[in-house]
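Reproduced below: coords21.csv, with CSV, C-alpha atoms.
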chain,number,residue,atom,x,y,z
W,1489,MET,CA,-87.6,-35.0,-169.6
W,1490,LEU,CA,-86.6,-31.9,-171.6
W,1491,GLU,CA,-84.0,-33.9,-173.4
W,1492,ASN,CA,-86.6,-36.5,-174.5
W,1493,TRP,CA,-88.8,-33.7,-175.8
W,1494,LEU,CA,-85.9,-32.1,-177.8
W,1495,LEU,CA,-84.8,-35.4,-179.1
W,1496,GLU,CA,-88.4,-36.3,-180.3
W,1497,ILE,CA,-88.8,-32.9,-182.0
W,1498,LEU,CA,-85.5,-33.4,-183.9
W,1499,LEU,CA,-86.7,-36.9,-184.9
W,1500,ALA,CA,-90.0,-35.4,-186.1
W,1501,MET,CA,-88.1,-33.0,-188.3
W,1502,GLY,CA,-86.0,-35.9,-189.7
W,1503,ARG,CA,-89.2,-37.8,-190.5
W,1504,PHE,CA,-90.4,-34.8,-192.5
W,1505,PHE,CA,-87.5,-35.1,-194.9
W,1506,ILE,CA,-87.9,-38.9,-195.4
W,1507,HIS,CA,-91.7,-38.6,-196.1
W,1508,PRO,CA,-92.5,-39.9,-199.6
W,1509,LEU,CA,-94.8,-36.9,-200.3
W,1510,PHE,CA,-91.9,-34.5,-199.8
W,1511,TYR,CA,-90.1,-36.0,-202.8
W,1512,PHE,CA,-93.2,-36.9,-204.8
W,1513,PHE,CA,-94.2,-33.2,-204.9
W,1514,LEU,CA,-90.6,-32.2,-205.8
W,1515,ILE,CA,-91.0,-34.2,-209.0
W,1516,TYR,CA,-94.6,-33.1,-209.3
W,1517,SER,CA,-93.6,-29.4,-209.2
W,1518,LEU,CA,-91.1,-30.0,-212.0
W,1519,VAL,CA,-93.8,-31.6,-214.1
W,1520,LEU,CA,-96.1,-28.6,-213.5
W,1521,GLY,CA,-93.2,-26.3,-214.6
W,1522,PHE,CA,-92.7,-28.3,-217.8
W,1523,ILE,CA,-96.5,-28.1,-218.6
W,1524,ARG,CA,-96.5,-24.4,-218.0
W,1525,ILE,CA,-93.5,-23.7,-220.1
W,1526,LYS,CA,-95.0,-25.8,-223.0
W,1527,ARG,CA,-98.2,-23.7,-222.8
W,1528,GLU,CA,-96.2,-20.4,-222.7
W,1529,ARG,CA,-94.0,-21.4,-225.7
W,1530,LYS,CA,-97.1,-22.3,-227.7
W,1531,SER,CA,-98.5,-18.8,-227.1
W,1532,PHE,CA,-95.3,-16.7,-227.2
W,1533,HIS,CA,-92.5,-18.9,-228.4
W,1534,THR,CA,-90.7,-18.2,-225.1
W,1535,ARG,CA,-91.1,-19.1,-221.4
W,1536,ILE,CA,-91.9,-16.6,-218.7
W,1537,GLN,CA,-90.3,-18.3,-215.6
W,1538,ASP,CA,-87.9,-21.2,-215.6
W,1539,ILE,CA,-88.9,-24.8,-214.9
W,1540,TYR,CA,-87.9,-24.5,-211.2
W,1541,GLU,CA,-90.4,-21.7,-210.4
W,1542,GLU,CA,-93.1,-24.1,-209.2
W,1543,VAL,CA,-90.5,-25.9,-207.0
W,1544,ARG,CA,-89.4,-22.6,-205.4
W,1545,PHE,CA,-93.0,-21.6,-204.8
W,1546,THR,CA,-94.2,-24.9,-203.4
W,1547,TYR,CA,-91.3,-25.2,-200.9
W,1548,SER,CA,-91.1,-21.7,-199.7
W,1549,LYS,CA,-94.5,-19.9,-199.6
W,1550,GLY,CA,-96.2,-22.2,-197.2
W,1551,LEU,CA,-93.5,-22.7,-194.5
W,1552,LEU,CA,-94.5,-19.9,-192.1
W,1553,THR,CA,-98.3,-20.7,-192.4
W,1554,GLY,CA,-97.5,-24.4,-191.7
W,1555,LEU,CA,-95.5,-23.6,-188.6
W,1556,LEU,CA,-98.2,-21.2,-187.3
W,1557,LEU,CA,-100.8,-23.9,-187.9
W,1558,SER,CA,-98.6,-26.5,-186.3
W,1559,ALA,CA,-98.4,-24.3,-183.1
W,1560,VAL,CA,-102.2,-24.3,-183.0
W,1561,THR,CA,-102.6,-28.0,-183.5
W,1562,PHE,CA,-99.9,-28.7,-180.8
W,1563,ALA,CA,-101.5,-26.3,-178.3
W,1564,PHE,CA,-104.8,-28.2,-178.7
W,1565,GLY,CA,-103.0,-31.6,-178.5
W,1566,THR,CA,-104.4,-32.7,-181.9
W,1567,MET,CA,-103.9,-36.4,-182.2
W,1568,ILE,CA,-104.4,-38.4,-185.4
W,1569,PRO,CA,-103.7,-42.1,-185.8
W,1570,LEU,CA,-101.0,-43.2,-188.2
W,1571,GLY,CA,-103.5,-45.0,-190.3
W,1572,SER,CA,-105.5,-41.8,-191.0
W,1573,ILE,CA,-102.3,-40.0,-192.0
W,1574,ILE,CA,-101.3,-42.8,-194.4
W,1575,LEU,CA,-104.8,-42.7,-195.9
W,1576,LEU,CA,-104.6,-38.9,-196.2
W,1577,ALA,CA,-101.3,-39.2,-198.1
W,1578,ALA,CA,-102.9,-41.8,-200.5
W,1579,VAL,CA,-105.9,-39.6,-201.2
W,1580,THR,CA,-103.6,-36.6,-201.8
W,1581,VAL,CA,-101.5,-38.6,-204.3
W,1582,ILE,CA,-104.5,-39.9,-206.2
W,1583,LEU,CA,-106.1,-36.5,-206.5
W,1584,SER,CA,-102.8,-34.9,-207.6
W,1585,LEU,CA,-102.6,-37.4,-210.5
W,1586,THR,CA,-105.6,-35.7,-212.1
W,1587,PHE,CA,-103.3,-32.5,-212.5
W,1588,GLN,CA,-106.4,-30.5,-211.4
W,1589,LEU,CA,-104.8,-28.5,-208.6
W,1590,ARG,CA,-108.1,-27.3,-207.2
W,1591,PHE,CA,-108.7,-30.9,-206.1
W,1592,LEU,CA,-105.7,-30.5,-203.7
W,1593,SER,CA,-107.8,-28.1,-201.6
W,1594,PRO,CA,-108.2,-29.4,-198.0
W,1595,ALA,CA,-112.0,-29.5,-198.8
W,1596,TYR,CA,-111.3,-32.5,-201.1
W,1597,THR,CA,-108.2,-34.1,-199.5
W,1598,MET,CA,-109.4,-33.9,-195.9
W,1599,GLY,CA,-113.1,-34.3,-196.8
W,1600,LEU,CA,-112.5,-37.5,-198.9
W,1601,THR,CA,-110.2,-38.8,-196.2
W,1602,ILE,CA,-113.0,-38.5,-193.6
W,1603,PHE,CA,-115.4,-40.4,-195.7
W,1604,SER,CA,-112.8,-43.0,-196.6
W,1605,VAL,CA,-112.0,-43.7,-193.0
W,1606,PHE,CA,-115.7,-44.0,-192.2
W,1607,LEU,CA,-116.2,-46.5,-195.1
W,1608,LEU,CA,-113.2,-48.6,-194.2
W,1609,MET,CA,-114.4,-48.8,-190.6
W,1610,GLN,CA,-117.9,-49.8,-191.7
W,1611,ALA,CA,-116.4,-52.5,-193.9
W,1612,ASP,CA,-114.2,-53.7,-191.1
W,1613,ALA,CA,-111.1,-53.3,-193.3
W,1614,VAL,CA,-108.9,-51.4,-191.0
W,1615,SER,CA,-106.4,-54.1,-190.0
W,1616,PHE,CA,-103.8,-53.0,-192.6
W,1617,LEU,CA,-103.8,-49.3,-191.3
W,1618,PRO,CA,-102.5,-48.8,-187.8
W,1619,ASP,CA,-105.1,-47.6,-185.2
W,1620,LEU,CA,-107.5,-46.4,-188.0
W,1621,ASN,CA,-110.5,-47.3,-185.8
W,1622,GLU,CA,-109.3,-44.8,-183.2
W,1623,THR,CA,-109.7,-41.9,-185.6
W,1624,SER,CA,-111.7,-38.9,-184.2
W,1625,PHE,CA,-113.8,-37.5,-187.1
W,1626,SER,CA,-114.3,-34.3,-185.1
W,1627,ILE,CA,-110.5,-33.7,-185.0
W,1628,LEU,CA,-110.2,-34.4,-188.7
W,1629,ALA,CA,-113.0,-32.0,-189.5
W,1630,ILE,CA,-111.5,-29.3,-187.2
W,1631,LEU,CA,-108.2,-29.7,-189.0
W,1632,MET,CA,-110.0,-29.5,-192.3
W,1633,GLY,CA,-111.5,-26.2,-191.4
W,1634,LEU,CA,-108.2,-24.7,-190.2
W,1635,LEU,CA,-106.5,-25.9,-193.4
W,1636,MET,CA,-109.2,-24.3,-195.6
W,1637,VAL,CA,-108.6,-21.0,-193.8
W,1638,ALA,CA,-104.9,-21.5,-194.4
W,1639,GLU,CA,-105.7,-22.1,-198.1
W,1640,GLY,CA,-107.6,-18.9,-198.4
W,1641,VAL,CA,-104.9,-16.9,-196.6
W,1642,LEU,CA,-102.1,-18.3,-198.8
W,1643,ALA,CA,-104.1,-17.7,-202.0
W,1644,TYR,CA,-104.8,-14.1,-200.9
W,1645,ARG,CA,-101.2,-13.4,-200.1
W,1646,THR,CA,-99.3,-15.3,-202.8
W,1647,ALA,CA,-101.4,-17.0,-205.5
W,1648,HIS,CA,-101.5,-13.8,-207.7
W,1649,LEU,CA,-97.8,-13.6,-207.8
W,1650,LYS,CA,-96.2,-14.4,-211.2
W,1651,THR,CA,-99.3,-15.8,-212.7
W,1652,SER,CA,-98.7,-17.4,-216.1
W,1653,PRO,CA,-100.1,-15.7,-219.2
W,1654,PHE,CA,-101.2,-17.5,-222.4
W,1655,LEU,CA,-103.4,-17.0,-225.4
W,1656,LEU,CA,-106.7,-18.6,-226.5
W,1657,LYS,CA,-109.0,-18.0,-229.4
W,1658,SER,CA,-112.5,-16.7,-228.5
W,1659,SER,CA,-115.7,-18.1,-230.0
W,1660,ARG,CA,-115.5,-15.2,-232.5
W,1661,GLY,CA,-112.0,-16.2,-233.5
W,1662,LEU,CA,-110.3,-13.3,-231.8
W,1663,PRO,CA,-107.1,-13.6,-229.7
W,1664,ILE,CA,-107.8,-13.4,-226.0
W,1665,GLY,CA,-105.2,-13.2,-223.2
W,1666,ASN,CA,-105.6,-15.2,-220.1
W,1667,HIS,CA,-103.7,-15.6,-216.8
W,1668,VAL,CA,-103.7,-18.8,-214.8
W,1669,ALA,CA,-102.6,-19.4,-211.2
W,1670,ASN,CA,-101.5,-23.0,-210.7
W,1671,ARG,CA,-100.2,-23.1,-207.2
W,1672,THR,CA,-99.2,-25.7,-204.6
W,1673,TRP,CA,-98.0,-24.9,-201.1
W,1674,LEU,CA,-96.2,-27.3,-198.8
W,1675,LEU,CA,-97.1,-26.9,-195.1
W,1676,PRO,CA,-94.9,-28.6,-192.5
W,1677,LEU,CA,-97.8,-29.8,-190.3
W,1678,PHE,CA,-97.0,-30.9,-186.8
W,1679,LEU,CA,-99.1,-33.7,-185.4
W,1680,LEU,CA,-99.2,-36.1,-182.5
W,1681,ILE,CA,-99.7,-39.8,-183.2
W,1682,PRO,CA,-100.7,-42.3,-180.5
W,1683,GLY,CA,-97.7,-44.6,-180.2
W,1684,GLY,CA,-99.2,-47.6,-178.3
W,1685,SER,CA,-99.4,-50.0,-181.2
W,1686,LEU,CA,-96.0,-48.9,-182.5
W,1687,THR,CA,-94.3,-49.7,-179.2
W,1688,GLU,CA,-95.9,-53.1,-179.2
W,1689,SER,CA,-94.9,-54.1,-182.8
W,1690,LEU,CA,-91.7,-52.0,-183.2
W,1691,SER,CA,-89.9,-51.8,-179.9
W,1692,TRP,CA,-87.1,-49.7,-181.3
W,1693,TRP,CA,-89.5,-47.0,-182.6
W,1694,PRO,CA,-88.8,-43.7,-180.6
W,1695,VAL,CA,-91.9,-42.4,-178.8
W,1696,LEU,CA,-92.5,-39.9,-176.1
W,1697,THR,CA,-94.7,-40.5,-173.1
W,1698,ILE,CA,-97.1,-37.8,-172.1
W,1699,GLY,CA,-98.8,-38.7,-168.9
W,1700,ASP,CA,-99.2,-42.5,-169.2
W,1701,GLU,CA,-99.8,-42.5,-173.0
W,1702,PRO,CA,-97.0,-42.9,-175.5
W,1703,PHE,CA,-97.0,-40.5,-178.5
W,1704,LEU,CA,-95.0,-39.9,-181.6
W,1705,PHE,CA,-94.2,-36.5,-182.9
W,1706,VAL,CA,-94.3,-36.0,-186.7
W,1707,PHE,CA,-94.1,-33.2,-189.2
W,1708,ILE,CA,-95.9,-34.2,-192.3
W,1709,PRO,CA,-95.6,-32.4,-195.7
W,1710,TYR,CA,-99.2,-31.4,-196.2
W,1711,ILE,CA,-99.8,-30.1,-199.7
W,1712,ILE,CA,-102.5,-27.5,-200.6
W,1713,GLY,CA,-103.4,-26.8,-204.2
W,1714,PHE,CA,-105.1,-23.9,-205.9
W,1715,HIS,CA,-106.1,-23.2,-209.5
W,1716,GLN,CA,-107.8,-20.2,-211.1
W,1717,ARG,CA,-107.9,-19.0,-214.7
W,1718,VAL,CA,-108.6,-15.3,-215.2
W,1719,GLN,CA,-109.8,-13.6,-218.4
W,1720,GLY,CA,-112.3,-11.0,-217.2
W,1721,SER,CA,-110.2,-8.9,-214.9
W,1722,LEU,CA,-106.8,-8.4,-213.4
W,1723,PRO,CA,-105.5,-11.7,-211.9
W,1724,LYS,CA,-104.8,-10.1,-208.5
W,1725,GLU,CA,-108.4,-8.8,-208.2
W,1726,SER,CA,-110.1,-12.0,-209.2
W,1727,ILE,CA,-107.9,-14.3,-207.0
W,1728,MET,CA,-108.3,-12.1,-203.9
W,1729,VAL,CA,-112.1,-12.2,-204.2
W,1730,THR,CA,-112.0,-16.0,-204.4
W,1731,SER,CA,-109.5,-16.2,-201.5
W,1732,LYS,CA,-111.8,-14.2,-199.2
W,1733,ARG,CA,-114.7,-16.6,-200.0
W,1734,ILE,CA,-112.5,-19.6,-199.2
W,1735,ILE,CA,-111.6,-18.1,-195.9
W,1736,TRP,CA,-115.2,-17.5,-195.0
W,1737,LEU,CA,-116.1,-21.0,-196.1
W,1738,GLY,CA,-113.2,-22.4,-193.9
W,1739,LEU,CA,-114.5,-20.5,-190.9
W,1740,ILE,CA,-118.0,-22.0,-191.4
W,1741,ILE,CA,-116.5,-25.5,-191.7
W,1742,PHE,CA,-114.4,-24.9,-188.6
W,1743,ALA,CA,-117.5,-23.8,-186.6
W,1744,ALA,CA,-119.4,-26.9,-187.6
W,1745,ALA,CA,-116.5,-29.1,-186.9
W,1746,VAL,CA,-116.1,-27.7,-183.4
W,1747,ALA,CA,-119.8,-28.3,-182.8
W,1748,SER,CA,-119.3,-32.0,-183.9
W,1749,VAL,CA,-117.3,-32.5,-180.6
W,1750,TRP,CA,-120.7,-32.7,-178.9
W,1751,PHE,CA,-122.7,-34.1,-181.9
W,1752,MET,CA,-120.4,-36.2,-184.0
W,1753,PRO,CA,-122.6,-36.4,-187.2
W,1754,LEU,CA,-121.8,-32.7,-187.8
W,1755,ALA,CA,-118.2,-33.8,-188.7
W,1756,PHE,CA,-119.6,-35.6,-191.8
W,1757,ALA,CA,-121.9,-32.7,-192.5
W,1758,ALA,CA,-118.8,-30.4,-192.4
W,1759,ALA,CA,-116.9,-32.6,-194.8
W,1760,LEU,CA,-119.8,-32.7,-197.2
W,1761,LEU,CA,-120.4,-28.9,-196.9
W,1762,ALA,CA,-116.7,-28.3,-197.5
W,1763,ILE,CA,-116.7,-30.3,-200.8
W,1764,ILE,CA,-119.9,-28.9,-202.1
W,1765,GLY,CA,-119.0,-25.3,-201.0
W,1766,ARG,CA,-115.5,-25.4,-202.5
W,1767,GLU,CA,-116.9,-26.7,-205.8
W,1768,PHE,CA,-119.6,-24.0,-205.7
W,1769,LEU,CA,-116.9,-21.3,-205.3
W,1770,THR,CA,-115.0,-22.7,-208.3
W,1771,VAL,CA,-118.1,-22.7,-210.5
W,1772,ARG,CA,-119.2,-19.3,-209.4
W,1773,GLN,CA,-115.8,-17.8,-210.2
W,1774,ARG,CA,-115.8,-19.3,-213.6
W,1775,MET,CA,-119.3,-18.1,-214.4
W,1776,ASN,CA,-118.5,-14.5,-213.2
W,1777,ASP,CA,-115.3,-14.5,-215.2
W,1778,ASN,CA,-117.0,-15.8,-218.4
W,1779,SER,CA,-119.8,-13.3,-218.2
W,1780,ALA,CA,-117.4,-10.4,-217.9
W,1781,ALA,CA,-115.9,-8.6,-220.9
W,1782,PHE,CA,-112.5,-10.0,-222.0
W,1783,TYR,CA,-109.9,-7.9,-220.1
W,1784,PHE,CA,-106.8,-8.9,-222.0
W,1785,SER,CA,-107.9,-8.3,-225.6
W,1786,LYS,CA,-107.2,-5.8,-228.5
W,1787,ARG,CA,-108.4,-2.3,-227.8
W,1788,ASP,CA,-109.3,0.6,-230.0
W,1789,HIS,CA,-106.8,2.8,-228.2
W,1790,GLY,CA,-103.5,1.6,-226.7
W,1791,LEU,CA,-101.8,-1.7,-226.3
W,1792,MET,CA,-102.4,-3.6,-223.1
W,1793,VAL,CA,-99.5,-5.4,-221.3
W,1794,LEU,CA,-100.3,-9.1,-221.0
W,1795,GLY,CA,-97.0,-10.2,-219.4
W,1796,ILE,CA,-93.5,-9.2,-218.4
W,1797,LEU,CA,-90.4,-11.3,-218.9
W,1798,PRO,CA,-88.2,-11.4,-215.8
W,1799,HIS,CA,-84.8,-9.7,-215.9
W,1800,SER,CA,-85.8,-7.7,-219.1
W,1801,PRO,CA,-85.8,-4.0,-219.9
W,1802,ALA,CA,-89.5,-3.9,-219.2
W,1803,VAL,CA,-88.8,-4.7,-215.6
W,1804,LYS,CA,-86.5,-1.7,-215.4
W,1805,PHE,CA,-89.3,0.4,-216.9
W,1806,GLU,CA,-91.5,-0.8,-214.0
W,1807,LEU,CA,-94.3,-1.8,-216.3
W,1808,GLU,CA,-97.1,-3.9,-214.8
W,1809,VAL,CA,-99.5,-6.5,-216.2
W,1810,GLY,CA,-102.7,-4.8,-217.1
W,1811,GLU,CA,-101.2,-1.3,-217.9
W,1812,ILE,CA,-102.0,0.2,-221.3
W,1813,ILE,CA,-99.3,1.8,-223.5
W,1814,MET,CA,-100.9,4.7,-225.3
W,1815,LYS,CA,-97.8,6.3,-226.9
W,1816,THR,CA,-94.2,5.3,-227.6
W,1817,ASN,CA,-91.7,8.0,-228.5
W,1818,GLY,CA,-94.6,10.3,-229.1
W,1819,ALA,CA,-96.4,8.0,-231.6
W,1820,SER,CA,-99.8,6.5,-230.8
W,1821,VAL,CA,-99.8,2.7,-230.8
W,1822,LYS,CA,-102.6,0.1,-230.8
W,1823,THR,CA,-100.8,-2.9,-232.5
W,1824,VAL,CA,-97.6,-4.7,-231.8
W,1825,ASP,CA,-96.2,-3.6,-235.2
W,1826,GLU,CA,-96.9,0.0,-234.5
W,1827,PHE,CA,-95.2,-0.3,-231.1
W,1828,TYR,CA,-92.0,-1.7,-232.5
W,1829,GLN,CA,-92.0,0.8,-235.3
W,1830,ALA,CA,-92.3,3.6,-232.8
W,1831,LEU,CA,-89.3,2.2,-230.9
W,1832,GLN,CA,-87.2,2.8,-234.0
W,1833,ILE,CA,-87.9,6.6,-233.9
W,1834,ASN,CA,-85.2,6.9,-231.3
W,1835,GLY,CA,-82.7,4.1,-231.4
W,1836,ALA,CA,-81.1,4.9,-228.0
W,1837,PHE,CA,-84.0,6.1,-225.9
W,1838,CYS,CA,-87.6,5.0,-225.2
W,1839,LYS,CA,-90.3,7.1,-223.7
W,1840,MET,CA,-93.8,5.6,-223.2
W,1841,GLU,CA,-97.1,7.2,-222.1
W,1842,VAL,CA,-98.9,4.6,-220.0
W,1843,ILE,CA,-102.3,4.4,-218.3
W,1844,GLY,CA,-101.5,2.8,-214.9
W,1845,LEU,CA,-103.7,0.4,-213.0
W,1846,ASN,CA,-105.1,3.3,-211.1
W,1847,GLY,CA,-106.3,4.9,-214.3
W,1848,GLU,CA,-103.9,7.7,-214.2
W,1849,ILE,CA,-101.4,8.6,-217.0
W,1850,ARG,CA,-97.7,8.2,-216.2
W,1851,TYR,CA,-94.6,8.3,-218.3
W,1852,VAL,CA,-91.8,5.7,-218.3
W,1853,GLN,CA,-88.5,6.2,-220.0
W,1854,GLY,CA,-85.1,4.8,-220.3
W,1855,ALA,CA,-82.2,3.9,-222.5
W,1856,VAL,CA,-82.6,1.2,-225.1
W,1857,TYR,CA,-79.4,-0.4,-226.1
W,1858,LYS,CA,-78.6,-1.9,-229.5
W,1859,GLY,CA,-80.4,-5.2,-230.1
W,1860,GLU,CA,-83.1,-4.6,-227.4
W,1861,HIS,CA,-85.8,-3.2,-229.6
W,1862,HIS,CA,-87.4,-6.6,-230.0
W,1863,GLU,CA,-86.2,-7.9,-226.6
W,1864,LEU,CA,-88.0,-5.5,-224.2
W,1865,GLY,CA,-89.7,-8.4,-222.5
W,1866,ILE,CA,-93.3,-7.1,-223.0
W,1867,LEU,CA,-95.9,-9.7,-224.0
W,1868,PHE,CA,-99.0,-8.5,-225.9
W,1869,VAL,CA,-102.1,-10.0,-227.4
W,1870,GLN,CA,-101.0,-10.5,-231.0
W,1871,ASP,CA,-102.8,-11.2,-234.2
W,1872,GLU,CA,-100.2,-13.2,-236.0
W,1873,LYS,CA,-100.3,-16.3,-233.8
W,1874,LYS,CA,-101.5,-19.8,-233.9
W,1875,TRP,CA,-103.5,-20.0,-230.7
W,1876,GLU,CA,-105.1,-23.0,-229.1
W,1877,THR,CA,-108.5,-23.8,-230.7
W,1878,GLU,CA,-110.3,-23.8,-227.4
W,1879,ALA,CA,-113.1,-21.3,-227.4
W,1880,VAL,CA,-113.5,-19.0,-224.3
Please rewrite the model in this file as structure tokens.
Amino acid sequence: MLENWLLEILLAMGRFFIHPLFYFFLIYSLVLGFIRIKRERKSFHTRIQDIYEEVRFTYSKGLLTGLLLSAVTFAFGTMIPLGSIILLAAVTVILSLTFQLRFLSPAYTMGLTIFSVFLLMQADAVSFLPDLNETSFSILAILMGLLMVAEGVLAYRTAHLKTSPFLLKSSRGLPIGNHVANRTWLLPLFLLIPGGSLTESLSWWPVLTIGDEPFLFVFIPYIIGFHQRVQGSLPKESIMVTSKRIIWLGLIIFAAAVASVWFMPLAFAAALLAIIGREFLTVRQRMNDNSAAFYFSKRDHGLMVLGILPHSPAVKFELEVGEIIMKTNGASVKTVDEFYQALQINGAFCKMEVIGLNGEIRYVQGAVYKGEHHELGILFVQDEKKWETEAV
């Protein structure tokens, strides 16, 4: 018996790596990286991270969360028919083609899957999807709530890392710095699939019998997406606020979904609430951000750091996005030209007076080697640029 379990688990892992979504999102992440680099080059004539950054992020940051969530689903014996999983994959691909990553939130992918299954069952069009009519809407809704909590946790912990800066022109024609977090996480999600119909039509298909029922183990590559543009505050602060709201919404959805075990219509109410609630959080964040004063903009005193290039001297200086450089080599600076002129005061050494994120003044200093004066790797909001014409 133990050998059968171990064999089935190994087969489940193998199915994970042959799942079409695994490779679809490998290509999708590269496309996202290309779009990001194009936007960054338009603003700064250079890229911040390489094209593989999205791939590394997608295929690493969600692994632990996926395994923990899989342990929960296995403990509760979560069973989803193969037809529902196929439909979920189709909904995920269709929403991803909009390139609006917020639509890859479980609120949309799982919520729309629930309604799609219901409509297909009502239309009696389930013959082409295995065991679709055996779908439990309560289980799908419970899984949706858990995945929304996972989305909030992932966003809270990682979405603010290495956000992408870019420039826009305000409605007054002034340059404004923005940061955007376009994130996708791949979660290896463990599920049980009823294997009765598979054993009837595909006698060679490996299944495991639990009690008297045959089941199939699968790890599916579930993708969660997150998008947030920030212009009125530090990216980390804004993203963490949104993340906490997503977690609370997920907990509410989960509670409603659990109650649907006794009153099934609550599963549809949970799906509808998830879609409306997630959209409300997006709109609220945008309204709050737009009503706030522009954070990354020119100031009367000092020069704010908009971005840091990796592996640059600025990294060695331990500068952070949002800090304000007040003086360089003893000279006050408030424009990019003044900053680089001040660097020439001492060709071999640089000392900067910086207002840190905690509001306190600190000093950073270090050697500047020949040829590095214009390669420190600090990105600022500049005047002499051709920004996008979009008003913010």
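Between W:Leu1864 and the candidates W:Gln1716, W:Leu1807, W:Lys1815, W:Tyr1851, the tightest atom-to-atom separation, counting all atoms listed in the file, involves W:Leu1807.
Across the model, the gap from atom CA of W:Gln1853 to atom CA of W:Phe1782 is 29.0 Å.
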So that I can check the surroundings of W:Asn1666, please list as an mmCIF file with C-alpha atoms, in the coordinates of the input every protein, DNA and RNA residue that reaches within 9 Å of it, counting all atoms listed in the file and ignoring chain neighbours fewer than 6 positions away.
data_model
loop_
_atom_site.group_PDB
_atom_site.id
_atom_site.type_symbol
_atom_site.label_atom_id
_atom_site.label_comp_id
_atom_site.auth_asym_id
_atom_site.auth_seq_id
_atom_site.Cartn_x
_atom_site.Cartn_y
_atom_site.Cartn_z
ATOM 1 C CA SER W 1652 -98.700 -17.400 -216.100
ATOM 2 C CA PRO W 1653 -100.100 -15.700 -219.200
ATOM 3 C CA PHE W 1654 -101.200 -17.500 -222.400
ATOM 4 C CA LEU W 1655 -103.400 -17.000 -225.400
ATOM 5 C CA LEU W 1656 -106.700 -18.600 -226.500
ATOM 6 C CA ARG W 1717 -107.900 -19.000 -214.700
ATOM 7 C CA VAL W 1718 -108.600 -15.300 -215.200
ATOM 8 C CA GLN W 1719 -109.800 -13.600 -218.400
ATOM 9 C CA GLY W 1720 -112.300 -11.000 -217.200
ATOM 10 C CA PRO W 1723 -105.500 -11.700 -211.900
ATOM 11 C CA PHE W 1782 -112.500 -10.000 -222.000
ATOM 12 C CA TYR W 1783 -109.900 -7.900 -220.100
ATOM 13 C CA PHE W 1784 -106.800 -8.900 -222.000
ATOM 14 C CA LEU W 1794 -100.300 -9.100 -221.000
#
Between atom CA of W:Ile1573 and atom CA of W:Gly1713, measure the distance and give it in Å to one decimal.
18.0 Å
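Residue nearest W:Leu1649 within the list W:Ile1727, W:Ala1855, W:Ile1764, W:Val1842: W:Ile1727 [criterion: smallest interatomic distance, only C-alpha atoms].
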Hey, which of W:Thr1730, W:Thr1651, W:Ser1531, W:Thr1672 ends up closest to W:Tyr1516? Count all atoms listed in the file.
W:Thr1672
Can you tell me which residues surround W:Ala1745 at a distance of at most 9 Å, considering all atoms listed in the file, apart from same-chain residues fewer than 2 positions away, and format the answer as a short mmCIF file (atom, residue, chain, number, x, y, z; two decimals) with C-alpha atoms, in the coordinates of the input?
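In the end it all went to out10.cif:
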data_model
loop_
_atom_site.label_atom_id
_atom_site.label_comp_id
_atom_site.auth_asym_id
_atom_site.auth_seq_id
_atom_site.Cartn_x
_atom_site.Cartn_y
_atom_site.Cartn_z
CA PHE W 1625 -113.80 -37.50 -187.10
CA SER W 1626 -114.30 -34.30 -185.10
CA ILE W 1627 -110.50 -33.70 -185.00
CA LEU W 1628 -110.20 -34.40 -188.70
CA ALA W 1629 -113.00 -32.00 -189.50
CA ILE W 1630 -111.50 -29.30 -187.20
CA LEU W 1631 -108.20 -29.70 -189.00
CA MET W 1632 -110.00 -29.50 -192.30
CA GLY W 1633 -111.50 -26.20 -191.40
CA ILE W 1740 -118.00 -22.00 -191.40
CA ILE W 1741 -116.50 -25.50 -191.70
CA PHE W 1742 -114.40 -24.90 -188.60
CA ALA W 1743 -117.50 -23.80 -186.60
CA ALA W 1747 -119.80 -28.30 -182.80
CA SER W 1748 -119.30 -32.00 -183.90
CA VAL W 1749 -117.30 -32.50 -180.60
CA MET W 1752 -120.40 -36.20 -184.00
CA LEU W 1754 -121.80 -32.70 -187.80
CA ALA W 1755 -118.20 -33.80 -188.70
CA PHE W 1756 -119.60 -35.60 -191.80
CA ALA W 1757 -121.90 -32.70 -192.50
CA ALA W 1758 -118.80 -30.40 -192.40
CA ALA W 1759 -116.90 -32.60 -194.80
#
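Nearest residue to W:Val1560 among W:Ala1613, W:Leu1677, W:Val1803, W:Leu1583 is W:Leu1677, counting only C-alpha atoms.
In this structure, atom CA of W:Leu1518 sits 26.8 Å away from atom CA of W:Phe1868.
Proximity of W:Glu1767, W:Ser1658, W:Lys1822, W:Thr1534 to W:His1789, computed with all atoms listed in the file, is greatest for W:Lys1822.
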With distances taken over all atoms listed in the file, the candidate from W:Val1856, W:Tyr1828, W:Leu1680, W:Leu1514 nearest W:Phe1564 is W:Leu1680
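Within 12 Å of W:Met1728, once all atoms listed in the file are used and residues closer than 6 positions along the same chain are dropped, the contacting residues are W:Glu1639, W:Gly1640, W:Val1641, W:Leu1642, W:Ala1643, W:Tyr1644, W:Arg1645, W:Thr1646, W:Ala1647, W:His1648, W:Leu1649, W:Ala1669, W:Gln1716, W:Val1718, W:Ser1721, W:Leu1722, W:Ile1734, W:Ile1735, W:Gln1773.
For stretch 1824-1826 of chain W, the residues within 9 Å (counting all atoms listed in the file, excluding itself and residues fewer than 6 positions away along the chain) are Leu1791, Phe1868, Val1869, Gln1870 and Asp1871 of chain W.
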